[in-house]
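These notes concern the structure reproduced below.
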Amino acid sequence: MDQHRIPTPIVNAFNEWDPLEEIVVGRVDENTLVPPWDVIMPAVVHDKTQWDFFKRHGGTPWPVEMLKKAEHDLDAFVDVLEQAGVTVRQPEPYAYERPLATPDWEVASSCYALMPRDVLFVIGDQIIEAPMGWRSRSTERIAYRELCKEYFRGGARWIAAPPPRLSDESFTRDFVAPGEDEPQRFLPTEYEPMFDAADAIKCGRDVFIARSSCCNRFGIEWLQRHLGDEYTVHEIEVHDTHPMHIDATFQPLAPGKLLINPERVVEVPDMFEKSGWDVLVCPEPEMPESHPMYNCSRWIMMNVVMLDEKRVVVSAGEKRFVRALKDWGFEPIECPFWDFETIGGGFHCASVDIRRRGALGSYF
Ligand code: DAV
């Protein structure tokens, strides 16, 4: 290392593509639970035929075989990261099966520590605990406490956005998800700030965020005011019948390269075209329709992790997407992940980058 170079702060992440040095990856535990049925579930679970499954099994562990297969995929992802020289950290499990209650509500249990991307928004040298819109995930931050304390002691800033009350006022009463041909509507009201960390994505001085079943305008405004003048938070308009998070919809992968979901992005902001960005339209998923999916859609394949501007970790079955990534100048690293996707999410959901070697810049 150049001895005159200032060392990178312990937490340092400004975009999706600076060279990755340290990442937190979620964990599969024996007591990784099916999310309990609650007000948010009908708004986020795309496949209505799975609602009964959640109503019956919510709050109990996923079947052992499914967990084993998911763990196998997650181990493969960790191997890819470690072989690339990336430091991989993991959260601490806790008693997910304990019932949760506040003065306003109770749910059967919490869920897991599978998906750090939703819980922590890491930007620059700070970790923001997100004001998550799920009652059953409102204690999930506990799994990351040891890591946050350690990063704080190493010099990082660490803050929690106001933890939402998630009372009945926070959600539209009798909400029914919009159909494909209906105008977009969202579950959260504007009662209090709400977002999951994965509702936002960083791109240097610009941050993109979309309203969703767990993100409202109040949350977007909180994030902008908290981040201050160094950053501009832009709202992206999406059409998604079950919107949850921006990272299977809109992903700035590298400078000048924006990946979009052709079914969901209503309009790419002018700033991309004006600055000469290429808009990469993601090809159709290849996962067979028969592959079991519970929490998310087959578009979860878009949920990639960049090791640097070129190398991208992508789900092994998605050959068409792999070819497209190569054509766009990337170097895909294929890793099996369909069995993890069954119970949770993609590579991006399953991780949160802590340190990338780079500095704050503008790409527009
Ligand atoms: O369509 O399945 C999932 C995004 C999870 N972070 C989807 C969105």
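Numbering starts fresh at 1 for the residues of each chain in the structure tokens, the chains themselves are lettered A, B, ... in the order given, and ligands are numbered from 1 as they appear.
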
task: Quick one: everything within 9 Å of range 243-254 of chain A, counting only C-alpha atoms, minus sequence neighbours fewer than 6 positions away in the same chain. Send it as a ChimeraX atom specification.
output: /A:15-18,43-44,46,118,186,195-203,208-215,236,260-265,296-297,299-306,308-310,312,346,348-349

- request: If you run DSSP over the backbone, which residues in range 62-306 of chain A end up strand (DSSP E or B)? Put them as an NGL selection string.
  value: :A and (87-89 or 100-101 or 106-107 or 113 or 120-124 or 126-129 or 157-160 or 171 or 188 or 200-203 or 205-209 or 212 or 215 or 232-235 or 238 or 250-254 or 257-260 or 265 or 278-281 or 305-306)

DSSP alpha helix (DSSP H) selection over range 52-267 of chain A, as a PyMOL selection string: chain A and resi 52-57+64-83+116-119+145-153+217-227

Test item: residues at most 9 Å from Phe321 in chain A, only C-alpha atoms, excluding those fewer than 2 positions along its chain, as a PyMOL selection string: chain A and resi 282-286+301-302+314-315+318-319+323-326

query: Hey, which of A:Thr241, A:Ser275, A:Ser362, A:Ser110 ends up closest to ligand 1? Count only C-alpha atoms and all ligand atoms.
result: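 Checking each candidate against ligand 1, we get A:Thr241 as the closest.
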
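All residues of protein, DNA or RNA that reach within 9 Å of range 188-191 of chain A, judged by only C-alpha atoms and not counting those fewer than 6 positions away in the chain, are Ile40, Gly133, Glu169, Ser170, Phe171, Thr172, Ser212, Ser213, Cys214, Cys215, Asn216, Arg217, Phe218 and Gly219 of chain A.
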
Interatomic distance, atom 8 (C, counted along the ligand's line) of ligand 1 to CA of Ile142 in chain A (Å, one decimal):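 Taking atom 8 (C, counted along the ligand's line) of ligand 1 and CA of Ile142 in chain A, their separation equals 23.7 Å.
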
Would you pick out the contacts of range 150-164 of chain A at 8 Å or less, using only C-alpha atoms, so that residues sharing its chain but fewer than 6 positions from it are not included, and give the list as a PDB file with N, CA, C and O atoms, in the first residue's frame?
```pdb
ATOM      1  N   PRO A   9     -11.431   4.821   6.005  1.00  0.00           N
ATOM      2  CA  PRO A   9     -12.139   4.638   7.279  1.00  0.00           C
ATOM      3  C   PRO A   9     -12.777   3.244   7.358  1.00  0.00           C
ATOM      4  O   PRO A   9     -13.068   2.645   6.320  1.00  0.00           O
ATOM      5  N   ILE A  10     -13.013   2.773   8.555  1.00  0.00           N
ATOM      6  CA  ILE A  10     -13.508   1.394   8.739  1.00  0.00           C
ATOM      7  C   ILE A  10     -14.862   1.192   8.050  1.00  0.00           C
ATOM      8  O   ILE A  10     -15.133   0.131   7.498  1.00  0.00           O
ATOM      9  N   VAL A  11     -15.702   2.229   8.103  1.00  0.00           N
ATOM     10  CA  VAL A  11     -16.967   2.189   7.354  1.00  0.00           C
ATOM     11  C   VAL A  11     -16.856   3.251   6.261  1.00  0.00           C
ATOM     12  O   VAL A  11     -16.583   4.424   6.551  1.00  0.00           O
ATOM     13  N   ASP A 125     -19.258   7.297   6.113  1.00  0.00           N
ATOM     14  CA  ASP A 125     -18.706   6.657   7.316  1.00  0.00           C
ATOM     15  C   ASP A 125     -19.796   6.397   8.343  1.00  0.00           C
ATOM     16  O   ASP A 125     -19.506   6.240   9.516  1.00  0.00           O
ATOM     17  N   GLN A 126     -21.056   6.413   7.891  1.00  0.00           N
ATOM     18  CA  GLN A 126     -22.104   6.214   8.900  1.00  0.00           C
ATOM     19  C   GLN A 126     -23.018   5.020   8.619  1.00  0.00           C
ATOM     20  O   GLN A 126     -23.281   4.651   7.482  1.00  0.00           O
ATOM     21  N   ILE A 127     -23.470   4.452   9.731  1.00  0.00           N
ATOM     22  CA  ILE A 127     -24.437   3.357   9.685  1.00  0.00           C
ATOM     23  C   ILE A 127     -25.739   3.910  10.232  1.00  0.00           C
ATOM     24  O   ILE A 127     -25.772   4.407  11.358  1.00  0.00           O
ATOM     25  N   ILE A 128     -26.787   3.828   9.414  1.00  0.00           N
ATOM     26  CA  ILE A 128     -28.102   4.294   9.856  1.00  0.00           C
ATOM     27  C   ILE A 128     -28.996   3.072  10.041  1.00  0.00           C
ATOM     28  O   ILE A 128     -29.220   2.313   9.092  1.00  0.00           O
ATOM     29  N   GLU A 129     -29.482   2.858  11.259  1.00  0.00           N
ATOM     30  CA  GLU A 129     -30.471   1.791  11.461  1.00  0.00           C
ATOM     31  C   GLU A 129     -31.789   2.303  10.898  1.00  0.00           C
ATOM     32  O   GLU A 129     -32.282   3.368  11.286  1.00  0.00           O
ATOM     33  N   ALA A 130     -32.345   1.555   9.950  1.00  0.00           N
ATOM     34  CA  ALA A 130     -33.515   2.038   9.207  1.00  0.00           C
ATOM     35  C   ALA A 130     -34.776   1.985  10.063  1.00  0.00           C
ATOM     36  O   ALA A 130     -34.920   1.097  10.909  1.00  0.00           O
ATOM     37  N   PRO A 131     -35.696   2.930   9.816  1.00  0.00           N
ATOM     38  CA  PRO A 131     -37.003   2.906  10.508  1.00  0.00           C
ATOM     39  C   PRO A 131     -37.935   1.942   9.777  1.00  0.00           C
ATOM     40  O   PRO A 131     -38.826   2.340   9.048  1.00  0.00           O
ATOM     41  N   MET A 132     -37.677   0.641   9.972  1.00  0.00           N
ATOM     42  CA  MET A 132     -38.304  -0.393   9.140  1.00  0.00           C
ATOM     43  C   MET A 132     -39.819  -0.456   9.293  1.00  0.00           C
ATOM     44  O   MET A 132     -40.358  -0.288  10.378  1.00  0.00           O
ATOM     45  N   GLY A 133     -40.471  -0.769   8.180  1.00  0.00           N
ATOM     46  CA  GLY A 133     -41.933  -0.766   8.148  1.00  0.00           C
ATOM     47  C   GLY A 133     -42.589  -2.078   8.553  1.00  0.00           C
ATOM     48  O   GLY A 133     -43.787  -2.245   8.382  1.00  0.00           O
ATOM     49  N   GLU A 192     -45.748   8.691  10.019  1.00  0.00           N
ATOM     50  CA  GLU A 192     -44.412   8.785  10.624  1.00  0.00           C
ATOM     51  C   GLU A 192     -43.392   8.313   9.594  1.00  0.00           C
ATOM     52  O   GLU A 192     -43.767   7.621   8.646  1.00  0.00           O
ATOM     53  N   PRO A 193     -42.100   8.680   9.758  1.00  0.00           N
ATOM     54  CA  PRO A 193     -41.115   8.254   8.759  1.00  0.00           C
ATOM     55  C   PRO A 193     -40.922   6.744   8.764  1.00  0.00           C
ATOM     56  O   PRO A 193     -40.791   6.133   9.830  1.00  0.00           O
ATOM     57  N   MET A 194     -40.916   6.157   7.571  1.00  0.00           N
ATOM     58  CA  MET A 194     -40.696   4.719   7.426  1.00  0.00           C
ATOM     59  C   MET A 194     -39.874   4.450   6.179  1.00  0.00           C
ATOM     60  O   MET A 194     -40.145   5.020   5.129  1.00  0.00           O
TER      61      MET A 194
END
```

message: Using Å and a single decimal, report how far CA of Val233 in chain A sits from CA of Trp134 in chain A.
response: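 If I compute the distance from CA of Trp134 in chain A to CA of Val233 in chain A, I get 22.7 Å.
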
message: Considering only C-alpha atoms, can you say which of A:Val207, A:Leu114, A:Leu166, A:Cys148 comes closest to Gly361 in chain A?
response: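 So, comparing all the options, the nearest one is A:Val207.
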
Residues at most 12 Å from Glu106 in chain A, counting only C-alpha atoms, excluding those fewer than 3 positions away in the same chain, as an mmCIF file with C-alpha atoms, in the first residue's frame?
```
data_model
loop_
_atom_site.group_PDB
_atom_site.id
_atom_site.type_symbol
_atom_site.label_atom_id
_atom_site.label_comp_id
_atom_site.auth_asym_id
_atom_site.auth_seq_id
_atom_site.Cartn_x
_atom_site.Cartn_y
_atom_site.Cartn_z
ATOM 1 C CA PRO A 36 -45.514 -14.091 10.764
ATOM 2 C CA TRP A 37 -48.679 -12.969 9.022
ATOM 3 C CA ASP A 38 -49.219 -9.270 9.670
ATOM 4 C CA VAL A 39 -50.493 -6.103 8.018
ATOM 5 C CA ARG A 98 -40.125 -14.703 21.063
ATOM 6 C CA PRO A 99 -43.455 -12.900 20.573
ATOM 7 C CA LEU A 100 -43.162 -9.141 20.064
ATOM 8 C CA ALA A 101 -45.455 -6.570 21.591
ATOM 9 C CA THR A 102 -45.602 -2.796 22.024
ATOM 10 C CA PRO A 103 -48.462 -0.737 23.512
ATOM 11 C CA SER A 109 -42.470 -13.531 16.484
ATOM 12 C CA SER A 110 -39.681 -11.770 14.683
ATOM 13 C CA TRP A 134 -42.359 -4.333 9.445
ATOM 14 C CA ARG A 135 -43.559 -5.019 12.947
ATOM 15 C CA SER A 136 -41.984 -8.482 12.846
ATOM 16 C CA SER A 138 -38.568 -4.120 14.256
ATOM 17 C CA ARG A 165 -44.513 3.188 16.131
ATOM 18 C CA LEU A 166 -46.142 0.994 13.425
ATOM 19 C CA SER A 167 -49.551 1.429 14.981
ATOM 20 C CA ASP A 168 -52.696 1.134 12.875
#
```

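Within 12 Å of Ala84 in chain A, once only C-alpha atoms are used and residues closer than 2 positions along the same chain are dropped, the contacting residues are Pro19, Leu20, Glu21, Glu22, Ile23, Phe77, Val78, Asp79, Val80, Leu81, Glu82, Val86, Thr87, Val88, Met306, Leu307, Asp308, Arg311, Val312, Val313 and Ile333 of chain A.
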
- prompt: Separation of CA of Thr49 in chain A and atom 1 (O, counted along the ligand's line) of ligand 1, in Å?
  reply: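 If I compute the distance from CA of Thr49 in chain A to atom 1 (O, counted along the ligand's line) of ligand 1, I get 16.0 Å.
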
Among the residues A:Val176, A:Val45, A:Ala143, A:Val24, the one that comes closest to ligand 1 [using only C-alpha atoms and all ligand atoms]: A:Val45
